[in-house]
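Dumped query-v3.cif below, it's mmCIF, C-alpha atoms:
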data_target
loop_
_atom_site.label_atom_id
_atom_site.label_comp_id
_atom_site.auth_asym_id
_atom_site.auth_seq_id
_atom_site.Cartn_x
_atom_site.Cartn_y
_atom_site.Cartn_z
CA MET J 1 255.35 288.85 207.71
CA PRO J 2 253.71 291.38 205.40
CA TYR J 3 255.80 293.67 203.24
CA VAL J 4 254.58 297.19 202.57
CA ASN J 5 256.21 299.49 200.03
CA ILE J 6 255.24 303.16 200.04
CA LYS J 7 256.34 305.25 197.07
CA ILE J 8 256.12 309.02 197.43
CA THR J 9 257.72 312.04 195.81
CA ASP J 10 260.81 313.38 197.60
CA GLU J 11 259.34 316.71 198.66
CA VAL J 12 260.67 317.35 202.16
CA VAL J 13 259.58 314.28 204.08
CA THR J 14 260.91 314.44 207.65
CA ALA J 15 262.25 311.53 209.69
CA GLU J 16 259.23 311.96 211.99
CA GLN J 17 256.84 311.60 209.08
CA LYS J 18 258.65 308.51 207.87
CA ALA J 19 258.44 307.03 211.36
CA ALA J 20 254.71 307.79 211.40
CA LEU J 21 254.22 306.04 208.04
CA ILE J 22 256.14 302.98 209.25
CA LYS J 23 254.22 302.85 212.54
CA GLY J 24 250.88 303.46 210.84
CA ALA J 25 251.31 300.88 208.10
CA THR J 26 252.46 298.26 210.63
CA ASP J 27 249.52 298.98 212.93
CA LEU J 28 247.15 298.70 209.96
CA LEU J 29 248.33 295.18 209.17
CA VAL J 30 248.06 294.17 212.82
CA GLU J 31 244.56 295.60 213.22
CA VAL J 32 243.02 294.43 209.96
CA LEU J 33 244.68 291.06 209.51
CA GLY J 34 246.16 290.23 212.90
CA LYS J 35 249.66 290.08 211.45
CA ASN J 36 252.74 289.83 213.65
CA PRO J 37 254.34 293.30 213.80
CA ALA J 38 257.79 291.85 214.59
CA THR J 39 258.15 290.55 211.04
CA THR J 40 256.20 293.29 209.25
CA VAL J 41 258.51 295.26 206.99
CA VAL J 42 257.82 298.73 205.61
CA VAL J 43 260.03 300.33 202.96
CA ILE J 44 259.56 303.94 201.83
CA ASP J 45 260.86 304.97 198.40
CA GLU J 46 261.27 308.69 197.81
CA VAL J 47 261.15 309.45 194.11
CA ASN J 48 262.41 312.64 192.45
CA THR J 49 259.54 314.65 190.97
CA ASP J 50 261.31 314.46 187.57
CA ASN J 51 260.84 310.69 187.73
CA TRP J 52 257.13 310.62 188.64
CA GLY J 53 254.35 311.17 186.16
CA ILE J 54 250.59 311.27 186.31
CA GLY J 55 248.22 312.06 183.47
CA GLY J 56 251.18 311.82 181.12
CA GLU J 57 252.87 314.80 182.76
CA VAL J 58 255.95 315.03 184.93
CA VAL J 59 255.19 316.03 188.53
CA THR J 60 257.92 318.70 188.42
CA LYS J 61 255.90 320.51 185.77
CA LEU J 62 252.59 319.95 187.54
CA ARG J 63 254.04 321.47 190.72
CA ALA J 64 255.22 324.54 188.76
CA LYS J 65 251.73 325.28 187.43
CA MET H 1 264.84 285.64 181.97
CA PRO H 2 264.24 285.88 185.71
CA TYR H 3 264.29 289.22 187.46
CA VAL H 4 265.61 289.42 191.00
CA ASN H 5 265.28 292.51 193.18
CA ILE H 6 267.26 292.67 196.40
CA LYS H 7 266.38 295.43 198.84
CA ILE H 8 268.84 296.13 201.65
CA THR H 9 269.66 299.02 203.93
CA ASP H 10 272.41 301.34 202.70
CA GLU H 11 274.94 300.54 205.40
CA VAL H 12 278.33 300.43 203.67
CA VAL H 13 277.84 297.84 200.96
CA THR H 14 280.97 297.56 198.83
CA ALA H 15 281.10 297.08 195.05
CA GLU H 16 282.60 293.64 195.71
CA GLN H 17 279.65 292.66 197.91
CA LYS H 18 277.21 293.89 195.28
CA ALA H 19 279.03 291.85 192.63
CA ALA H 20 278.83 288.80 194.90
CA LEU H 21 275.07 289.29 195.37
CA ILE H 22 274.55 289.61 191.60
CA LYS H 23 276.72 286.56 190.87
CA GLY H 24 275.12 284.52 193.67
CA ALA H 25 271.53 285.31 192.75
CA THR H 26 272.17 284.54 189.08
CA ASP H 27 273.87 281.25 189.91
CA LEU H 28 270.93 280.33 192.16
CA LEU H 29 268.43 280.70 189.32
CA VAL H 30 270.67 278.70 186.99
CA GLU H 31 271.19 275.88 189.51
CA VAL H 32 267.65 275.56 190.85
CA LEU H 33 265.61 276.27 187.72
CA GLY H 34 268.08 275.91 184.85
CA LYS H 35 267.47 279.52 183.79
CA ASN H 36 269.63 281.20 181.17
CA PRO H 37 272.09 283.49 183.00
CA ALA H 38 272.49 285.75 179.93
CA THR H 39 269.00 287.18 180.43
CA THR H 40 268.85 286.98 184.23
CA VAL H 41 268.66 290.47 185.69
CA VAL H 42 269.49 291.39 189.29
CA VAL H 43 268.77 294.85 190.70
CA ILE H 44 269.93 295.90 194.16
CA ASP H 45 268.09 298.73 195.93
CA GLU H 46 269.90 300.36 198.83
CA VAL H 47 267.41 301.99 201.17
CA ASN H 48 268.23 304.64 203.77
CA THR H 49 267.73 303.32 207.31
CA ASP H 50 265.28 306.21 207.92
CA ASN H 51 263.09 304.68 205.21
CA TRP H 52 263.08 301.08 206.43
CA GLY H 53 260.93 299.84 209.27
CA ILE H 54 260.41 296.55 211.03
CA GLY H 55 258.21 295.86 214.02
CA GLY H 56 256.77 299.36 213.56
CA GLU H 57 260.14 300.96 214.28
CA VAL H 58 262.55 302.80 212.03
CA VAL H 59 265.83 300.94 211.48
CA THR H 60 267.82 304.09 212.29
CA LYS H 61 266.43 303.92 215.83
CA LEU H 62 266.88 300.17 216.12
CA ARG H 63 270.53 300.54 215.14
CA ALA H 64 271.04 303.23 217.82
CA LYS H 65 269.77 300.98 220.60
CA MET I 1 266.01 292.45 207.26
CA PRO I 2 266.60 292.24 203.51
CA TYR I 3 263.72 291.70 201.13
CA VAL I 4 264.28 289.64 198.00
CA ASN I 5 261.74 289.40 195.20
CA ILE I 6 262.26 286.75 192.52
CA LYS I 7 260.12 287.00 189.41
CA ILE I 8 260.01 283.96 187.14
CA THR I 9 257.67 282.57 184.51
CA ASP I 10 255.11 280.06 185.79
CA GLU I 11 256.43 277.04 183.95
CA VAL I 12 256.13 274.11 186.35
CA VAL I 13 258.06 275.28 189.37
CA THR I 14 257.83 272.69 192.14
CA ALA I 15 257.48 273.39 195.86
CA GLU I 16 260.95 271.89 196.32
CA GLN I 17 262.42 274.32 193.81
CA LYS I 18 260.70 277.25 195.51
CA ALA I 19 262.08 276.10 198.87
CA ALA I 20 265.55 275.92 197.31
CA LEU I 21 265.24 279.47 195.95
CA ILE I 22 264.11 280.77 199.35
CA LYS I 23 266.90 278.94 201.17
CA GLY I 24 269.51 279.95 198.62
CA ALA I 25 268.58 283.64 198.53
CA THR I 26 268.52 283.82 202.32
CA ASP I 27 271.91 282.10 202.61
CA LEU I 28 273.33 284.51 200.02
CA LEU I 29 272.38 287.54 202.11
CA VAL I 30 273.81 285.93 205.24
CA GLU I 31 277.08 284.99 203.57
CA VAL I 32 277.74 288.17 201.60
CA LEU I 33 276.40 290.80 203.98
CA GLY I 34 276.08 289.03 207.33
CA LYS I 35 272.33 289.73 207.41
CA ASN I 36 270.10 288.13 210.02
CA PRO I 37 268.23 285.26 208.32
CA ALA I 38 265.35 285.45 210.83
CA THR I 39 264.11 288.70 209.28
CA THR I 40 265.14 288.02 205.69
CA VAL I 41 262.06 287.78 203.50
CA VAL I 42 261.92 286.15 200.06
CA VAL I 43 258.87 286.43 197.81
CA ILE I 44 258.58 284.51 194.54
CA ASP I 45 256.24 285.83 191.85
CA GLU I 46 255.26 283.38 189.14
CA VAL I 47 254.22 285.24 186.02
CA ASN I 48 252.18 283.80 183.14
CA THR I 49 254.24 283.55 179.95
CA ASP I 50 251.59 285.73 178.22
CA ASN I 51 252.52 288.49 180.66
CA TRP I 52 256.28 288.37 180.26
CA GLY I 53 258.15 289.89 177.35
CA ILE I 54 261.75 290.15 176.29
CA GLY I 55 263.09 291.67 173.09
CA GLY I 56 259.61 293.05 172.48
CA GLU I 57 258.15 289.57 172.19
CA VAL I 58 255.84 287.61 174.44
CA VAL I 59 257.49 284.61 176.08
CA THR I 60 254.58 282.37 175.07
CA LYS I 61 255.52 282.98 171.44
CA LEU I 62 259.25 282.61 172.08
CA ARG I 63 258.64 279.22 173.72
CA ALA I 64 256.61 278.08 170.69
CA LYS I 65 259.43 278.81 168.27
CA MET R 1 244.50 303.63 187.06
CA PRO R 2 247.46 301.63 185.77
CA TYR R 3 250.83 301.85 187.46
CA VAL R 4 253.98 301.60 185.36
CA ASN R 5 257.44 301.26 186.86
CA ILE R 6 260.44 301.71 184.59
CA LYS R 7 263.83 300.69 185.95
CA ILE R 8 266.89 301.88 184.06
CA THR R 9 270.56 302.44 184.82
CA ASP R 10 271.47 305.99 185.85
CA GLU R 11 273.60 306.85 182.85
CA VAL R 12 272.79 310.47 182.00
CA VAL R 13 269.05 310.42 181.52
CA THR R 14 267.78 313.96 180.84
CA ALA R 15 264.56 315.49 182.15
CA GLU R 16 263.32 315.57 178.55
CA GLN R 17 263.91 311.85 178.16
CA LYS R 18 262.11 311.14 181.44
CA ALA R 19 259.17 313.26 180.27
CA ALA R 20 259.12 311.29 177.00
CA LEU R 21 259.07 307.98 178.88
CA ILE R 22 256.21 309.18 181.10
CA LYS R 23 254.22 310.50 178.13
CA GLY R 24 254.91 307.42 176.03
CA ALA R 25 254.01 304.88 178.71
CA THR R 26 250.79 306.74 179.53
CA ASP R 27 249.80 306.96 175.86
CA LEU R 28 250.49 303.23 175.48
CA LEU R 29 248.02 302.34 178.23
CA VAL R 30 245.42 304.67 176.76
CA GLU R 31 245.82 303.32 173.22
CA VAL R 32 246.03 299.62 173.99
CA LEU R 33 243.61 299.32 176.90
CA GLY R 34 241.59 302.54 176.83
CA LYS R 35 242.80 303.45 180.33
CA ASN R 36 242.14 306.87 181.83
CA PRO R 37 245.38 308.89 181.61
CA ALA R 38 244.37 311.12 184.55
CA THR R 39 244.98 308.28 187.00
CA THR R 40 247.81 306.54 185.16
CA VAL R 41 250.99 306.73 187.21
CA VAL R 42 254.52 306.23 185.86
CA VAL R 43 257.53 305.98 188.16
CA ILE R 44 261.09 305.85 186.83
CA ASP R 45 263.81 304.30 189.00
CA GLU R 46 267.38 305.13 188.07
CA VAL R 47 269.72 302.46 189.37
CA ASN R 48 273.49 302.83 189.79
CA THR R 49 275.41 300.58 187.40
CA ASP R 50 277.12 298.99 190.43
CA ASN R 51 273.67 297.79 191.54
CA TRP R 52 272.51 296.26 188.27
CA GLY R 53 273.61 292.89 187.00
CA ILE R 54 272.94 290.80 183.93
CA GLY R 55 274.49 287.47 183.05
CA GLY R 56 275.92 287.39 186.57
CA GLU R 57 278.06 290.45 185.90
CA VAL R 58 277.83 293.98 187.22
CA VAL R 59 276.90 296.54 184.55
CA THR R 60 279.78 298.81 185.64
CA LYS R 61 282.19 296.10 184.52
CA LEU R 62 280.29 295.32 181.33
CA ARG R 63 280.43 299.01 180.38
CA ALA R 64 284.19 299.09 180.95
CA LYS R 65 284.81 296.24 178.53
CA MET G 1 249.81 310.58 194.14
CA PRO G 2 251.46 308.03 196.42
CA TYR G 3 251.56 304.39 195.47
CA VAL G 4 251.30 301.77 198.20
CA ASN G 5 251.92 298.08 197.61
CA ILE G 6 250.95 295.63 200.33
CA LYS G 7 252.20 292.07 200.00
CA ILE G 8 250.59 289.44 202.21
CA THR G 9 250.17 285.68 202.16
CA ASP G 10 246.90 284.44 200.60
CA GLU G 11 245.40 282.98 203.74
CA VAL G 12 241.68 283.83 203.58
CA VAL G 13 241.66 287.59 203.24
CA THR G 14 238.10 288.84 202.84
CA ALA G 15 236.92 291.64 200.55
CA GLU G 16 236.08 293.62 203.70
CA GLN G 17 239.61 293.26 205.01
CA LYS G 18 241.02 294.34 201.67
CA ALA G 19 238.76 297.38 201.67
CA ALA G 20 239.97 298.21 205.19
CA LEU G 21 243.60 297.97 204.11
CA ILE G 22 242.96 300.24 201.12
CA LYS G 23 241.05 302.77 203.21
CA GLY G 24 243.59 302.66 206.04
CA ALA G 25 246.65 303.05 203.83
CA THR G 26 245.06 305.96 201.96
CA ASP G 27 244.06 307.69 205.20
CA LEU G 28 247.61 307.23 206.50
CA LEU G 29 249.11 309.09 203.54
CA VAL G 30 246.54 311.87 203.88
CA GLU G 31 247.10 312.27 207.61
CA VAL G 32 250.88 312.04 207.74
CA LEU G 33 251.83 313.79 204.49
CA GLY G 34 248.69 315.65 203.43
CA LYS G 35 248.55 313.70 200.18
CA ASN G 36 245.55 313.89 197.86
CA PRO G 37 243.49 310.71 198.36
CA ALA G 38 241.97 310.98 194.85
CA THR G 39 245.26 309.96 193.26
CA THR G 40 246.52 307.65 196.01
CA VAL G 41 246.75 304.11 194.70
CA VAL G 42 246.90 300.98 196.85
CA VAL G 43 247.61 297.55 195.37
CA ILE G 44 247.40 294.36 197.45
CA ASP G 45 249.35 291.30 196.30
CA GLU G 46 248.29 287.98 197.80
CA VAL G 47 251.15 285.52 197.65
CA ASN G 48 250.84 281.74 197.97
CA THR G 49 252.50 280.48 201.15
CA ASP G 50 254.67 278.20 198.99
CA ASN G 51 256.13 281.35 197.44
CA TRP G 52 256.92 283.26 200.65
CA GLY G 53 259.92 282.58 202.82
CA ILE G 54 261.29 283.97 206.03
CA GLY G 55 264.33 282.77 207.93
CA GLY G 56 265.17 280.61 204.91
CA GLU G 57 262.00 278.57 205.36
CA VAL G 58 258.85 278.37 203.28
CA VAL G 59 255.78 279.76 205.07
CA THR G 60 253.78 276.65 204.17
CA LYS G 61 256.14 274.62 206.35
CA LEU G 62 256.23 277.20 209.13
CA ARG G 63 252.42 277.15 209.27
CA ALA G 64 252.44 273.35 209.55
CA LYS G 65 254.71 273.39 212.59
CA MET B 1 268.61 296.12 179.98
CA PRO B 2 265.65 298.09 181.27
CA TYR B 3 262.92 296.42 183.30
CA VAL B 4 259.36 297.62 182.92
CA ASN B 5 256.54 296.51 185.19
CA ILE B 6 252.96 297.34 184.18
CA LYS B 7 250.27 296.83 186.79
CA ILE B 8 246.66 296.82 185.60
CA THR B 9 243.34 295.49 186.84
CA ASP B 10 242.40 292.05 185.53
CA GLU B 11 239.41 293.14 183.48
CA VAL B 12 239.51 291.06 180.29
CA VAL B 13 242.94 291.82 178.87
CA THR B 14 243.54 289.77 175.74
CA ALA B 15 246.81 288.11 174.71
CA GLU B 16 246.92 290.54 171.77
CA GLN B 17 246.66 293.53 174.11
CA LYS B 18 249.41 292.12 176.32
CA ALA B 19 251.62 291.62 173.27
CA ALA B 20 250.94 295.23 172.24
CA LEU B 21 251.91 296.49 175.71
CA ILE B 22 255.13 294.47 175.66
CA LYS B 23 256.00 295.64 172.12
CA GLY B 24 255.08 299.24 172.88
CA ALA B 25 257.01 299.49 176.14
CA THR B 26 260.09 297.92 174.55
CA ASP B 27 259.93 300.27 171.56
CA LEU B 28 259.59 303.23 173.92
CA LEU B 29 262.83 302.39 175.71
CA VAL B 30 264.62 301.88 172.38
CA GLU B 31 263.35 305.17 170.92
CA VAL B 32 263.79 307.42 173.94
CA LEU B 33 266.97 306.00 175.46
CA GLY B 34 268.49 303.87 172.72
CA LYS B 35 268.29 300.77 174.92
CA ASN B 36 268.98 297.31 173.54
CA PRO B 37 265.60 295.59 173.01
CA ALA B 38 267.16 292.10 173.32
CA THR B 39 267.63 292.57 177.06
CA THR B 40 264.59 294.75 177.74
CA VAL B 41 262.15 292.92 179.99
CA VAL B 42 258.47 293.77 180.41
CA VAL B 43 256.31 292.13 183.06
CA ILE B 44 252.55 292.70 183.25
CA ASP B 45 250.78 292.13 186.57
CA GLU B 46 247.01 291.72 186.42
CA VAL B 47 245.47 292.61 189.76
CA ASN B 48 241.98 291.63 190.93
CA THR B 49 239.72 294.68 191.28
CA ASP B 50 239.15 293.69 194.93
CA ASN B 51 242.87 294.25 195.49
CA TRP B 52 243.19 297.66 193.83
CA GLY B 53 242.16 300.89 195.48
CA ILE B 54 242.13 304.52 194.50
CA GLY B 55 240.78 307.43 196.50
CA GLY B 56 240.46 305.05 199.45
CA GLU B 57 237.89 302.95 197.60
CA VAL B 58 238.09 299.47 196.16
CA VAL B 59 237.90 299.40 192.34
CA THR B 60 235.25 296.66 192.47
CA LYS B 61 232.92 299.14 194.18
CA LEU B 62 233.90 302.03 191.88
CA ARG B 63 233.08 299.85 188.85
CA ALA B 64 229.63 299.01 190.32
CA LYS B 65 228.68 302.68 190.69
#

Full structure transcribed into structure tokens:
Amino acid sequence: MPYVNIKITDEVVTAEQKAALIKGATDLLVEVLGKNPATTVVVIDEVNTDNWGIGGEVVTKLRAK
Amino acid sequence: MPYVNIKITDEVVTAEQKAALIKGATDLLVEVLGKNPATTVVVIDEVNTDNWGIGGEVVTKLRAK
Amino acid sequence: MPYVNIKITDEVVTAEQKAALIKGATDLLVEVLGKNPATTVVVIDEVNTDNWGIGGEVVTKLRAK
Amino acid sequence: MPYVNIKITDEVVTAEQKAALIKGATDLLVEVLGKNPATTVVVIDEVNTDNWGIGGEVVTKLRAK
Amino acid sequence: MPYVNIKITDEVVTAEQKAALIKGATDLLVEVLGKNPATTVVVIDEVNTDNWGIGGEVVTKLRAK
Amino acid sequence: MPYVNIKITDEVVTAEQKAALIKGATDLLVEVLGKNPATTVVVIDEVNTDNWGIGGEVVTKLRAK
């Protein structure tokens, strides 16, 4: 029944990588807490680098440095 | 003042259905808790089926089965 | 498979009211979008009134007015 | 280490405005709580006006009034 | 720079299990997407079983069955 | 109408500091985007240091170093 939300920047993430994140996060909950995978939900949010900041700076600018 | 976030897969959801979700969720908070609808916020996130997993599997693949 | 998150202030919400919110939000997704209730998740967050603001003011102070 | 999520409607928000939100939110955490800006993350979600409701009404309709 | 939020019910989760979730989720982002672990944030929310529903039912009741 | 969620560790945050965060975040949205403060919502989540990780490590352990 756990719910996992993964937020990442939208910098070429393939369907295979998304599948690996979903599988990996589900397995983690099963291994560590014995959760039921059938009701474990994983949602990936891809965020434009203009919309993500760290250290007070926009990621788009950090990437350009 | 409640805030409701509804996350669903982006599989042809019409503007009418979104309006019904917003109306329904607001009414629910008013009926059950007596909340003020004027400051009740509802946000719907539509998530690509590649980005949603359940049971360790990507929804895109589950839909194709 | 939808995920619904309801954020409300923690001002005496009973278990019956929480059950009604969970039932109501699940029914809403079934009725409007034909979603499968078995994998519809609802999570209620109760937030201290010191931690909730609207109009730039803390709810604790608004309630005291 | 704080994480700030700003949800707004997607009504012509420029890259400069996003940068100002990221800078301003980071500065706020530094000033008020003495947080380390280097690990302060800000994520802006732009939400379609069809997907945002207040007072039980869709913002798209409120804007058209 | 990813942000991972794990929501689980608050049913005796030890500090060791939480550490394993944090380590595992961080490793997953490093392995699958080559993300920098130094700025990867993981936040675990423990939710009372009265506040979590699935299939329209409160988890507290499901656990009692 | 914006919604701002601030997640911080629960390390002695006073009511005055919370009020300053709520006021500051609301002012930011008004100044940068001209948003209406009356419907701007700010929610602060205080997270136990056992439940927050960065760099694959639990904050509780980082604080003890």

*asked:* I need the residue nearest I:Ile22 from this list: I:Leu62, I:Ile6, I:Ala38, I:Ile54. Use all atoms listed in the file for the distance.
replied: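 Going through I:Leu62, I:Ile6, I:Ala38, I:Ile54 one by one, the smallest distance to I:Ile22 is for I:Ile6.
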
*Find the residues with any atom within 9 Å of (274.4, 300.6, 203.8); use all atoms listed in the file and the coordinates as given in the file, and write the answer as a VMD selection string.*
chain H and resid 8 to 14 46 to 49

Evaluate the PyMOL selection byres ((chain H) within 8 of (chain J)) here and jot the selected residues down as an mmCIF file with C-alpha atoms, keeping the file's coordinate frame.
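This went into out.cif:
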data_model
loop_
_atom_site.group_PDB
_atom_site.id
_atom_site.type_symbol
_atom_site.label_atom_id
_atom_site.label_comp_id
_atom_site.auth_asym_id
_atom_site.auth_seq_id
_atom_site.Cartn_x
_atom_site.Cartn_y
_atom_site.Cartn_z
ATOM 1 C CA VAL H 47 267.410 301.990 201.170
ATOM 2 C CA ASP H 50 265.280 306.210 207.920
ATOM 3 C CA ASN H 51 263.090 304.680 205.210
ATOM 4 C CA TRP H 52 263.080 301.080 206.430
ATOM 5 C CA GLY H 53 260.930 299.840 209.270
ATOM 6 C CA ILE H 54 260.410 296.550 211.030
ATOM 7 C CA GLY H 55 258.210 295.860 214.020
ATOM 8 C CA GLY H 56 256.770 299.360 213.560
ATOM 9 C CA GLU H 57 260.140 300.960 214.280
ATOM 10 C CA VAL H 58 262.550 302.800 212.030
#

All file atoms of stretch 21-38 of chain B boxed axis-aligned, 6 Å per side, centre plus edges, as lines of an AutoDock Vina configuration file:
center_x = 260.4
center_y = 299.8
center_z = 173.5
size_x = 29.1
size_y = 27.3
size_z = 17.2

_One number please: atom CA of J:Glu31 to atom CA of H:Ala64, in Å, one decimal._
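Pair atom CA of J:Glu31 / atom CA of H:Ala64 returns 27.9 Å.
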
*Just how far from atom CA of G:Pro2 is atom CA of G:Gly34, in Å to one decimal?*
10.7 Å

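Across the model, the gap from atom CA of R:Val59 to atom CA of B:Lys35 is 13.6 Å.
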
Selected stretch 2-28 of chain R, written as a PDB file, in the first residue's frame, N, CA and C atoms:
ATOM      1  N   PRO R   2      15.863  22.061   3.150  1.00  0.00           N
ATOM      2  CA  PRO R   2      14.408  22.138   2.974  1.00  0.00           C
ATOM      3  C   PRO R   2      14.013  21.845   1.526  1.00  0.00           C
ATOM      4  N   TYR R   3      12.736  21.485   1.379  1.00  0.00           N
ATOM      5  CA  TYR R   3      12.163  21.237   0.069  1.00  0.00           C
ATOM      6  C   TYR R   3      10.908  22.095  -0.037  1.00  0.00           C
ATOM      7  N   VAL R   4      10.868  22.931  -1.063  1.00  0.00           N
ATOM      8  CA  VAL R   4       9.727  23.818  -1.253  1.00  0.00           C
ATOM      9  C   VAL R   4       9.071  23.488  -2.587  1.00  0.00           C
ATOM     10  N   ASN R   5       7.773  23.276  -2.553  1.00  0.00           N
ATOM     11  CA  ASN R   5       7.016  23.007  -3.774  1.00  0.00           C
ATOM     12  C   ASN R   5       5.988  24.118  -3.959  1.00  0.00           C
ATOM     13  N   ILE R   6       6.087  24.781  -5.109  1.00  0.00           N
ATOM     14  CA  ILE R   6       5.170  25.876  -5.428  1.00  0.00           C
ATOM     15  C   ILE R   6       4.282  25.434  -6.583  1.00  0.00           C
ATOM     16  N   LYS R   7       2.983  25.400  -6.330  1.00  0.00           N
ATOM     17  CA  LYS R   7       2.045  25.025  -7.395  1.00  0.00           C
ATOM     18  C   LYS R   7       1.296  26.276  -7.838  1.00  0.00           C
ATOM     19  N   ILE R   8       1.350  26.546  -9.138  1.00  0.00           N
ATOM     20  CA  ILE R   8       0.667  27.705  -9.705  1.00  0.00           C
ATOM     21  C   ILE R   8      -0.009  27.289 -11.007  1.00  0.00           C
ATOM     22  N   THR R   9      -0.958  28.100 -11.463  1.00  0.00           N
ATOM     23  CA  THR R   9      -1.565  27.830 -12.764  1.00  0.00           C
ATOM     24  C   THR R   9      -0.574  28.237 -13.861  1.00  0.00           C
ATOM     25  N   ASP R  10      -0.686  27.565 -15.002  1.00  0.00           N
ATOM     26  CA  ASP R  10       0.276  27.782 -16.104  1.00  0.00           C
ATOM     27  C   ASP R  10      -0.166  28.923 -17.016  1.00  0.00           C
ATOM     28  N   GLU R  11      -0.193  30.108 -16.459  1.00  0.00           N
ATOM     29  CA  GLU R  11      -0.671  31.257 -17.231  1.00  0.00           C
ATOM     30  C   GLU R  11       0.490  32.210 -17.520  1.00  0.00           C
ATOM     31  N   VAL R  12       1.296  31.861 -18.481  1.00  0.00           N
ATOM     32  CA  VAL R  12       2.430  32.684 -18.912  1.00  0.00           C
ATOM     33  C   VAL R  12       3.340  33.077 -17.745  1.00  0.00           C
ATOM     34  N   VAL R  13       4.068  32.127 -17.262  1.00  0.00           N
ATOM     35  CA  VAL R  13       5.074  32.391 -16.238  1.00  0.00           C
ATOM     36  C   VAL R  13       6.429  32.370 -16.949  1.00  0.00           C
ATOM     37  N   THR R  14       7.174  33.458 -16.878  1.00  0.00           N
ATOM     38  CA  THR R  14       8.445  33.539 -17.604  1.00  0.00           C
ATOM     39  C   THR R  14       9.568  32.857 -16.816  1.00  0.00           C
ATOM     40  N   ALA R  15      10.661  32.562 -17.523  1.00  0.00           N
ATOM     41  CA  ALA R  15      11.834  31.976 -16.881  1.00  0.00           C
ATOM     42  C   ALA R  15      12.380  32.916 -15.808  1.00  0.00           C
ATOM     43  N   GLU R  16      12.261  34.212 -16.046  1.00  0.00           N
ATOM     44  CA  GLU R  16      12.750  35.185 -15.054  1.00  0.00           C
ATOM     45  C   GLU R  16      11.902  35.111 -13.776  1.00  0.00           C
ATOM     46  N   GLN R  17      10.597  34.983 -13.960  1.00  0.00           N
ATOM     47  CA  GLN R  17       9.722  34.885 -12.785  1.00  0.00           C
ATOM     48  C   GLN R  17       9.999  33.598 -12.015  1.00  0.00           C
ATOM     49  N   LYS R  18      10.228  32.507 -12.746  1.00  0.00           N
ATOM     50  CA  LYS R  18      10.543  31.240 -12.061  1.00  0.00           C
ATOM     51  C   LYS R  18      11.843  31.378 -11.278  1.00  0.00           C
ATOM     52  N   ALA R  19      12.838  32.023 -11.893  1.00  0.00           N
ATOM     53  CA  ALA R  19      14.113  32.226 -11.202  1.00  0.00           C
ATOM     54  C   ALA R  19      13.915  33.065  -9.944  1.00  0.00           C
ATOM     55  N   ALA R  20      13.024  34.054 -10.024  1.00  0.00           N
ATOM     56  CA  ALA R  20      12.756  34.918  -8.863  1.00  0.00           C
ATOM     57  C   ALA R  20      12.051  34.143  -7.751  1.00  0.00           C
ATOM     58  N   LEU R  21      11.159  33.235  -8.126  1.00  0.00           N
ATOM     59  CA  LEU R  21      10.488  32.399  -7.121  1.00  0.00           C
ATOM     60  C   LEU R  21      11.498  31.486  -6.429  1.00  0.00           C
ATOM     61  N   ILE R  22      12.385  30.881  -7.222  1.00  0.00           N
ATOM     62  CA  ILE R  22      13.390  29.958  -6.674  1.00  0.00           C
ATOM     63  C   ILE R  22      14.352  30.708  -5.754  1.00  0.00           C
ATOM     64  N   LYS R  23      14.802  31.877  -6.205  1.00  0.00           N
ATOM     65  CA  LYS R  23      15.710  32.687  -5.379  1.00  0.00           C
ATOM     66  C   LYS R  23      15.000  33.153  -4.108  1.00  0.00           C
ATOM     67  N   GLY R  24      13.788  33.631  -4.260  1.00  0.00           N
ATOM     68  CA  GLY R  24      13.056  34.178  -3.121  1.00  0.00           C
ATOM     69  C   GLY R  24      12.719  33.128  -2.076  1.00  0.00           C
ATOM     70  N   ALA R  25      12.304  31.949  -2.510  1.00  0.00           N
ATOM     71  CA  ALA R  25      11.947  30.891  -1.566  1.00  0.00           C
ATOM     72  C   ALA R  25      13.192  30.394  -0.830  1.00  0.00           C
ATOM     73  N   THR R  26      14.307  30.305  -1.555  1.00  0.00           N
ATOM     74  CA  THR R  26      15.555  29.864  -0.924  1.00  0.00           C
ATOM     75  C   THR R  26      16.020  30.886   0.106  1.00  0.00           C
ATOM     76  N   ASP R  27      15.990  32.155  -0.270  1.00  0.00           N
ATOM     77  CA  ASP R  27      16.384  33.223   0.666  1.00  0.00           C
ATOM     78  C   ASP R  27      15.505  33.201   1.917  1.00  0.00           C
ATOM     79  N   LEU R  28      14.222  32.950   1.727  1.00  0.00           N
ATOM     80  CA  LEU R  28      13.291  32.922   2.860  1.00  0.00           C
ATOM     81  C   LEU R  28      13.695  31.863   3.889  1.00  0.00           C
TER      82      LEU R  28
END
